[in-house]
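So this block is upload.cif, mmCIF, C-alpha atoms:
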```cif
data_target
loop_
_atom_site.label_atom_id
_atom_site.label_comp_id
_atom_site.auth_asym_id
_atom_site.auth_seq_id
_atom_site.Cartn_x
_atom_site.Cartn_y
_atom_site.Cartn_z
CA MET A 236 -24.48 11.37 18.94
CA ASN A 237 -21.05 11.84 17.40
CA GLU A 238 -18.40 9.39 18.50
CA VAL A 239 -14.66 9.20 17.98
CA GLU A 240 -13.68 6.03 16.13
CA VAL A 241 -10.09 4.85 16.19
CA VAL A 242 -9.45 3.66 12.63
CA VAL A 243 -5.82 2.62 13.07
CA THR A 244 -3.20 3.40 15.67
CA HIS A 245 0.43 2.55 16.37
CA SER A 246 3.52 4.32 17.67
CA GLU A 247 4.09 6.32 14.47
CA ARG A 248 0.62 7.60 13.67
CA THR A 249 -3.07 7.45 14.58
CA THR A 250 -6.14 7.96 12.41
CA LEU A 251 -9.45 8.93 14.01
CA ARG A 252 -12.91 9.38 12.52
CA VAL A 253 -15.18 12.07 13.94
CA GLY A 254 -18.47 12.23 12.01
CA ASP A 255 -17.63 12.90 8.37
CA MET A 256 -14.05 13.95 9.12
CA PHE A 257 -10.86 11.97 9.53
CA LEU A 258 -8.02 13.25 11.69
CA LYS A 259 -4.54 11.90 11.01
CA VAL A 260 -2.04 12.49 13.80
CA ASP A 261 1.53 11.78 12.73
CA ALA A 262 4.78 12.08 14.66
CA ASP A 263 6.52 12.88 11.37
CA GLN A 264 5.33 16.28 10.12
CA ALA A 265 7.23 15.82 6.85
CA ARG A 266 5.11 12.77 6.13
CA LEU A 267 1.90 14.80 6.51
CA ASP A 268 3.33 17.56 4.32
CA ALA A 269 4.21 14.99 1.65
CA GLU A 270 0.67 13.58 1.79
CA VAL A 271 -0.94 16.97 1.26
CA GLU A 272 1.42 17.72 -1.61
CA ALA A 273 0.76 14.36 -3.29
CA MET A 274 -3.02 14.76 -3.08
CA SER A 275 -2.75 18.21 -4.68
CA LEU A 276 -0.81 16.75 -7.61
CA ALA A 277 -2.59 13.44 -8.15
CA PRO A 278 -4.97 13.35 -11.17
CA VAL A 279 -7.29 10.84 -9.47
CA PRO A 280 -10.03 11.54 -6.86
CA THR A 281 -8.64 12.22 -3.37
CA PRO A 282 -10.24 13.38 -0.10
CA GLU A 283 -10.83 17.08 0.46
CA VAL A 284 -8.24 18.56 2.82
CA LEU A 285 -10.23 20.45 5.47
CA TRP A 286 -7.24 21.79 7.35
CA HIS A 287 -3.60 21.02 7.94
CA LYS A 288 -1.70 21.98 11.09
CA PRO A 289 1.49 20.71 12.73
CA HIS A 290 1.17 16.96 13.29
CA VAL A 291 -2.54 16.84 12.35
CA LEU A 292 -4.28 16.54 8.97
CA ALA A 293 -8.08 16.77 8.68
CA ILE A 294 -9.72 15.31 5.58
CA ALA A 295 -13.33 14.78 4.54
CA ALA A 296 -14.80 11.28 4.37
CA LEU A 297 -15.26 9.80 0.91
CA PRO A 298 -18.51 8.36 -0.46
CA GLY A 299 -18.79 4.65 -1.11
CA THR A 300 -16.99 1.73 0.46
CA THR A 301 -13.46 0.38 0.20
CA LEU A 302 -12.54 -2.51 -2.05
CA GLY A 303 -11.99 -4.51 1.14
CA ARG A 304 -9.01 -5.21 3.38
CA LEU A 305 -6.14 -7.63 3.51
CA GLY A 306 -7.25 -10.75 5.33
CA GLY A 307 -10.92 -10.01 4.72
CA PRO A 308 -13.34 -10.43 1.85
CA ALA A 309 -12.82 -8.26 -1.19
CA THR A 310 -15.83 -6.27 -2.29
CA GLY A 311 -16.77 -4.77 -5.59
CA SER A 312 -17.58 -6.24 -8.96
CA PRO A 313 -14.99 -7.03 -11.63
CA THR A 314 -15.98 -3.68 -13.16
CA ALA A 315 -15.11 -1.90 -9.91
CA TRP A 316 -11.71 -3.59 -9.76
CA ALA A 317 -11.10 -2.64 -13.39
CA ALA A 318 -12.02 0.96 -12.52
CA ALA A 319 -9.38 0.86 -9.81
CA GLY A 320 -6.86 -0.37 -12.36
CA ALA A 321 -7.78 2.46 -14.73
CA ALA A 322 -7.32 5.02 -11.94
CA VAL A 323 -3.89 3.60 -11.13
CA ARG A 324 -2.88 3.84 -14.81
CA GLU A 325 -3.99 7.49 -14.85
CA LEU A 326 -1.86 8.16 -11.78
CA HIS A 327 1.16 6.41 -13.25
CA GLU A 328 0.95 8.45 -16.44
CA ALA A 329 0.77 11.80 -14.60
CA PRO A 330 3.74 14.19 -14.47
CA LEU A 331 6.31 13.03 -11.95
CA PRO A 332 6.09 14.53 -8.45
CA PRO A 333 9.19 16.14 -6.91
CA ARG A 334 9.71 13.54 -4.17
CA THR A 335 10.85 9.92 -4.29
CA GLY A 336 8.22 7.69 -2.68
CA ARG A 337 8.25 4.36 -0.91
CA ALA A 338 7.93 2.57 -4.25
CA GLY A 339 11.10 4.32 -5.41
CA ARG A 340 13.60 3.01 -2.90
CA ASP A 341 17.10 2.36 -4.22
CA THR A 342 17.35 -1.21 -5.48
CA ALA A 343 20.69 -1.97 -3.85
CA ALA A 344 19.57 -0.56 -0.50
CA LEU A 345 16.30 -2.47 -0.76
CA ALA A 346 18.13 -5.73 -1.44
CA GLU A 347 20.33 -5.14 1.60
CA GLU A 348 17.28 -4.39 3.77
CA LEU A 349 15.54 -7.49 2.48
CA ASP A 350 18.51 -9.76 3.23
CA THR A 351 18.79 -8.34 6.75
CA GLU A 352 15.08 -8.83 7.35
CA CYS A 353 15.12 -12.39 6.02
CA ALA A 354 17.95 -13.26 8.38
CA LEU A 355 16.03 -11.80 11.34
CA LEU A 356 12.84 -13.66 10.43
CA VAL A 357 14.73 -16.95 10.55
CA SER A 358 17.02 -16.25 13.53
CA ASN A 359 14.10 -15.02 15.64
CA GLY A 360 12.04 -18.09 14.76
CA ILE A 361 9.26 -16.05 13.17
CA LEU A 362 9.26 -17.92 9.84
CA THR A 363 10.90 -21.11 8.64
CA ALA A 364 14.15 -20.91 6.69
CA ASP A 365 12.59 -22.72 3.71
CA LEU A 366 9.64 -20.31 3.49
CA VAL A 367 11.92 -17.29 3.70
CA ALA A 368 14.44 -18.63 1.18
CA ARG A 369 11.74 -19.54 -1.33
CA ASN A 370 10.17 -16.09 -1.20
CA ARG A 371 13.56 -14.34 -1.22
CA ARG A 372 14.26 -16.06 -4.55
CA THR A 373 10.86 -14.93 -5.86
CA ALA A 374 11.48 -11.37 -4.64
CA GLU A 375 14.66 -11.07 -6.69
CA ALA A 376 12.65 -10.28 -9.84
CA ALA A 377 11.51 -6.96 -8.31
CA LEU A 378 15.12 -5.80 -7.88
CA ARG A 379 15.60 -4.60 -11.43
CA PRO A 380 15.78 -1.24 -13.25
CA TRP A 381 12.43 0.50 -13.69
CA VAL A 382 11.10 3.69 -15.26
CA PRO A 383 9.90 6.16 -12.59
CA ALA A 384 6.16 6.81 -12.36
CA PHE A 385 3.91 8.82 -10.05
CA THR A 386 3.17 6.13 -7.46
CA HIS A 387 0.90 6.01 -4.42
CA GLY A 388 3.31 3.84 -2.45
CA ASP A 389 0.77 2.19 -0.13
CA LEU A 390 -2.11 1.29 -2.43
CA GLN A 391 -3.85 -1.24 -0.20
CA ILE A 392 -7.44 -2.11 -1.14
CA ALA A 393 -8.56 -0.43 2.09
CA HIS A 394 -7.33 2.85 0.61
CA VAL A 395 -9.50 2.70 -2.54
CA PHE A 396 -13.16 3.77 -2.30
CA ILE A 397 -15.76 2.62 -4.82
CA GLU A 398 -19.39 3.56 -5.46
CA ASN A 399 -21.49 2.36 -8.41
CA ASP A 400 -18.41 0.67 -9.87
CA GLU A 401 -16.50 3.96 -9.99
CA VAL A 402 -13.55 5.14 -7.92
CA THR A 403 -14.71 7.93 -5.61
CA GLY A 404 -11.33 8.49 -4.00
CA ILE A 405 -7.99 7.13 -2.87
CA ILE A 406 -6.66 7.88 0.62
CA ASP A 407 -3.36 7.71 2.57
CA TRP A 408 -0.81 9.37 0.29
CA SER A 409 2.03 9.73 2.80
CA GLU A 410 4.25 7.26 0.88
CA ALA A 411 3.56 8.75 -2.58
CA GLY A 412 6.23 9.90 -5.00
CA ARG A 413 8.41 8.71 -7.85
CA GLY A 414 8.62 4.93 -7.92
CA ASP A 415 8.08 1.58 -9.59
CA ALA A 416 4.57 1.38 -11.05
CA LEU A 417 4.38 -2.38 -10.52
CA TYR A 418 4.80 -1.89 -6.77
CA ASP A 419 1.40 -0.14 -6.71
CA LEU A 420 -0.27 -2.88 -8.75
CA ALA A 421 1.18 -5.57 -6.50
CA THR A 422 0.10 -3.74 -3.34
CA LEU A 423 -3.44 -3.30 -4.65
CA THR A 424 -3.79 -7.03 -5.37
CA LEU A 425 -1.82 -8.40 -2.39
CA GLY A 426 -3.79 -11.27 -0.90
CA HIS A 427 -6.47 -10.99 -3.60
CA GLU A 428 -4.78 -12.57 -6.60
CA GLU A 429 -8.21 -13.50 -7.96
CA HIS A 430 -8.75 -9.83 -8.90
CA LEU A 431 -5.39 -9.25 -10.60
CA ALA A 432 -6.84 -9.91 -14.07
CA ASP A 433 -9.65 -7.40 -13.44
CA VAL A 434 -7.18 -4.73 -12.32
CA LEU A 435 -4.97 -5.33 -15.34
CA THR A 436 -8.00 -5.12 -17.65
CA GLY A 437 -8.59 -1.60 -16.37
CA TYR A 438 -4.88 -0.76 -16.35
CA GLY A 439 -4.83 -1.52 -20.05
CA THR A 440 -1.25 -2.50 -20.73
CA ALA A 441 0.80 -5.68 -20.46
CA ILE A 442 2.92 -6.04 -17.33
CA ASP A 443 5.45 -8.60 -16.12
CA LEU A 444 3.56 -10.96 -13.79
CA ASP A 445 6.81 -12.30 -12.36
CA VAL A 446 7.53 -8.82 -11.00
CA ILE A 447 4.05 -8.60 -9.45
CA HIS A 448 4.68 -11.95 -7.73
CA ALA A 449 8.09 -10.69 -6.65
CA TRP A 450 6.63 -7.59 -5.02
CA TRP A 451 4.04 -9.72 -3.21
CA SER A 452 6.87 -11.73 -1.67
CA LEU A 453 9.16 -8.77 -1.04
CA ARG A 454 6.52 -6.56 0.56
CA SER A 455 5.32 -9.42 2.77
CA LEU A 456 8.82 -10.38 3.91
CA LEU A 457 9.56 -6.79 4.91
CA ALA A 458 6.22 -6.34 6.67
CA VAL A 459 5.86 -9.41 8.88
CA ARG A 460 8.11 -8.43 11.77
CA TRP A 461 7.06 -4.75 11.76
CA LEU A 462 3.37 -5.71 11.85
CA ALA A 463 3.88 -8.14 14.71
CA GLU A 464 5.79 -5.52 16.70
CA HIS A 465 3.10 -2.85 16.17
CA GLY A 466 0.04 -4.79 17.27
CA PHE A 467 -1.05 -6.31 13.96
CA ASP A 468 -1.28 -10.00 13.05
CA PRO A 469 0.49 -10.97 9.82
CA PHE A 470 -0.40 -14.62 10.57
CA ALA A 471 -4.15 -13.95 10.32
CA PRO A 472 -5.89 -15.84 7.49
CA GLY A 473 -5.30 -14.18 4.13
CA CYS A 474 -2.60 -11.85 5.43
CA GLU A 475 1.13 -11.58 4.76
CA VAL A 476 2.24 -15.00 5.97
CA ASP A 477 -0.47 -16.69 3.91
CA VAL A 478 0.72 -14.67 0.90
CA LEU A 479 4.23 -16.03 1.47
CA ARG A 480 2.96 -19.60 1.86
CA ALA A 481 0.95 -19.37 -1.38
CA HIS A 482 4.06 -18.91 -3.54
CA ARG A 483 5.97 -22.07 -4.37
#
```
Here is a file; write its structure as structure tokens.
Amino acid sequence: MNEVEVVVTHSERTTLRVGDMFLKVDADQARLDAEVEAMSLAPVPTPEVLWHKPHVLAIAALPGTTLGRLGGPATGSPTAWAAAGAAVRELHEAPLPPRTGRAGRDTAALAEELDTECALLVSNGILTADLVARNRRTAEAALRPWVPAFTHGDLQIAHVFIENDEVTGIIDWSEAGRGDALYDLATLTLGHEEHLADVLTGYGTAIDLDVIHAWWSLRSLLAVRWLAEHGFDPFAPGCEVDVLRAHR
């Protein structure tokens, strides 16, 4: 018997699974349009778009399993993680898409947002001042000039599917566009630092590790309060707060 599985839901969007089809319901139609456009341009495997109507996108399920999830065990061999890194490099070397993505936010505006968020985390008693200050200093290295690349913008390990050590597809492209390539690499390895070397082996070029560490801190600082307010737990083992605590 077919059942409807709620994959993720919050006030902005809901994703449902019905058999071998996923339905994404999004209050922001432009975000769905951007996702469809990005998947059509990306040179890496993406889900088949079954249909696309106002506020709903239907895509086919991908074969294989995800690399894992933040706060849970990572799956896949070192070869699989390297394959993910190679796919990310292929994406980053593709012709630039027309839109600016989440990884391409203006540096000055991002710094202002980060400072505001850090102040709220402390004043609301969510995180200690020392933890926030330490990670704000680390995050500074991400606020530098970068060469635009075709970025996914939300490259969590739960969005990368693997089978037989090969990437079968990458999902959730609503934040894709021109952006900082190292943002994608940091997102992919967030909370799973032990696989960073494998990813970089597949990626095949030297990168600035200080910037990866900076994006881990920056992304986590910006996410904690939003996650808590939308029914998620950033304090769960291995999640954002643990990422912040791991950086001295």
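With all atoms listed in the file as the basis for measurement, A:Val402 is the residue among A:Ala265, A:Ala293, A:Val260, A:Val402 that approaches Ala322 in chain A most closely.
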Each residue of range 266-328 of chain A lying at most 10 Å from range 474-478 of chain A should get a row with its shortest atom-to-atom pair and the distance in Å to one decimal, counting only C-alpha atoms; could you produce that, ordered by chain and increasing number, as CSV?
```
residue,atom,partner,partner_atom,distance
A:Arg304,CA,A:Cys474,CA,9.5
A:Leu305,CA,A:Cys474,CA,5.8
A:Gly306,CA,A:Cys474,CA,4.8
A:Gly307,CA,A:Cys474,CA,8.6
```
Could those residues be written to a file, using C-alpha atoms, as a compact mmCIF listing (two decimals), in the coordinates of the input?
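Done, and the output landed in result_32.txt:
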```txt
# COMPACT_ATOMS: atom_id res chain seq x y z
CA ARG A 304 -9.01 -5.21 3.38
CA LEU A 305 -6.14 -7.63 3.51
CA GLY A 306 -7.25 -10.75 5.33
CA GLY A 307 -10.92 -10.01 4.72
```
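With only C-alpha atoms as the atoms that count, the residue of A:Ala416, A:Val446, A:Leu362, A:Ala329 with the shortest distance to Leu479 in chain A is A:Leu362.
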> At what distance in Å, to one decimal, does CA of Ala471 in chain A lie from CA of Arg369 in chain A?
Replying inline: 20.5 Å
> What do you get, as a ChimeraX atom specification, if you spell out every residue that the PyMOL selection byres ((chain A and resi 380) around 12) selects here?
Replying inline: /A:339-343,375-379,381-383,414-417,446
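Our summary of the geometry notes that CA of Asp400 in chain A is positioned 8.6 Å from CA of Pro313 in chain A.
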> At most 12 Å from (4.9, 9.5, -1.5), file frame, all atoms listed in the file: which residues, as JSON, numbers by chain?
Replying inline: {"A": [265, 266, 267, 268, 269, 270, 271, 272, 273, 274, 276, 277, 331, 332, 333, 334, 335, 336, 337, 338, 339, 340, 384, 385, 386, 387, 388, 389, 390, 406, 407, 408, 409, 410, 411, 412, 413, 414, 415, 419]}
I need the chosen residues saved as a PDB file, in the frame of the given file, with C-alpha atoms.
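Writing the result to out.pdb gives the following:
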```
ATOM      1  CA  ALA A 265       7.230  15.820   6.850  1.00  0.00           C
ATOM      2  CA  ARG A 266       5.110  12.770   6.130  1.00  0.00           C
ATOM      3  CA  LEU A 267       1.900  14.800   6.510  1.00  0.00           C
ATOM      4  CA  ASP A 268       3.330  17.560   4.320  1.00  0.00           C
ATOM      5  CA  ALA A 269       4.210  14.990   1.650  1.00  0.00           C
ATOM      6  CA  GLU A 270       0.670  13.580   1.790  1.00  0.00           C
ATOM      7  CA  VAL A 271      -0.940  16.970   1.260  1.00  0.00           C
ATOM      8  CA  GLU A 272       1.420  17.720  -1.610  1.00  0.00           C
ATOM      9  CA  ALA A 273       0.760  14.360  -3.290  1.00  0.00           C
ATOM     10  CA  MET A 274      -3.020  14.760  -3.080  1.00  0.00           C
ATOM     11  CA  LEU A 276      -0.810  16.750  -7.610  1.00  0.00           C
ATOM     12  CA  ALA A 277      -2.590  13.440  -8.150  1.00  0.00           C
ATOM     13  CA  LEU A 331       6.310  13.030 -11.950  1.00  0.00           C
ATOM     14  CA  PRO A 332       6.090  14.530  -8.450  1.00  0.00           C
ATOM     15  CA  PRO A 333       9.190  16.140  -6.910  1.00  0.00           C
ATOM     16  CA  ARG A 334       9.710  13.540  -4.170  1.00  0.00           C
ATOM     17  CA  THR A 335      10.850   9.920  -4.290  1.00  0.00           C
ATOM     18  CA  GLY A 336       8.220   7.690  -2.680  1.00  0.00           C
ATOM     19  CA  ARG A 337       8.250   4.360  -0.910  1.00  0.00           C
ATOM     20  CA  ALA A 338       7.930   2.570  -4.250  1.00  0.00           C
ATOM     21  CA  GLY A 339      11.100   4.320  -5.410  1.00  0.00           C
ATOM     22  CA  ARG A 340      13.600   3.010  -2.900  1.00  0.00           C
ATOM     23  CA  ALA A 384       6.160   6.810 -12.360  1.00  0.00           C
ATOM     24  CA  PHE A 385       3.910   8.820 -10.050  1.00  0.00           C
ATOM     25  CA  THR A 386       3.170   6.130  -7.460  1.00  0.00           C
ATOM     26  CA  HIS A 387       0.900   6.010  -4.420  1.00  0.00           C
ATOM     27  CA  GLY A 388       3.310   3.840  -2.450  1.00  0.00           C
ATOM     28  CA  ASP A 389       0.770   2.190  -0.130  1.00  0.00           C
ATOM     29  CA  LEU A 390      -2.110   1.290  -2.430  1.00  0.00           C
ATOM     30  CA  ILE A 406      -6.660   7.880   0.620  1.00  0.00           C
ATOM     31  CA  ASP A 407      -3.360   7.710   2.570  1.00  0.00           C
ATOM     32  CA  TRP A 408      -0.810   9.370   0.290  1.00  0.00           C
ATOM     33  CA  SER A 409       2.030   9.730   2.800  1.00  0.00           C
ATOM     34  CA  GLU A 410       4.250   7.260   0.880  1.00  0.00           C
ATOM     35  CA  ALA A 411       3.560   8.750  -2.580  1.00  0.00           C
ATOM     36  CA  GLY A 412       6.230   9.900  -5.000  1.00  0.00           C
ATOM     37  CA  ARG A 413       8.410   8.710  -7.850  1.00  0.00           C
ATOM     38  CA  GLY A 414       8.620   4.930  -7.920  1.00  0.00           C
ATOM     39  CA  ASP A 415       8.080   1.580  -9.590  1.00  0.00           C
ATOM     40  CA  ASP A 419       1.400  -0.140  -6.710  1.00  0.00           C
TER      41      ASP A 419
END
```
> CA of Gly426 in chain A and CA of Leu326 in chain A, how far apart in Å?
Replying inline: 22.4 Å
> Can you list, as a count of residues only, the residues that the PyMOL selection byres ((chain A and resi 423) around 6) selects here?
Replying inline: 8
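With all atoms listed in the file as the basis for measurement, A:Ala481 is the residue among A:Glu247, A:Ala481, A:Thr440, A:Ala262 that approaches Glu428 in chain A most closely.
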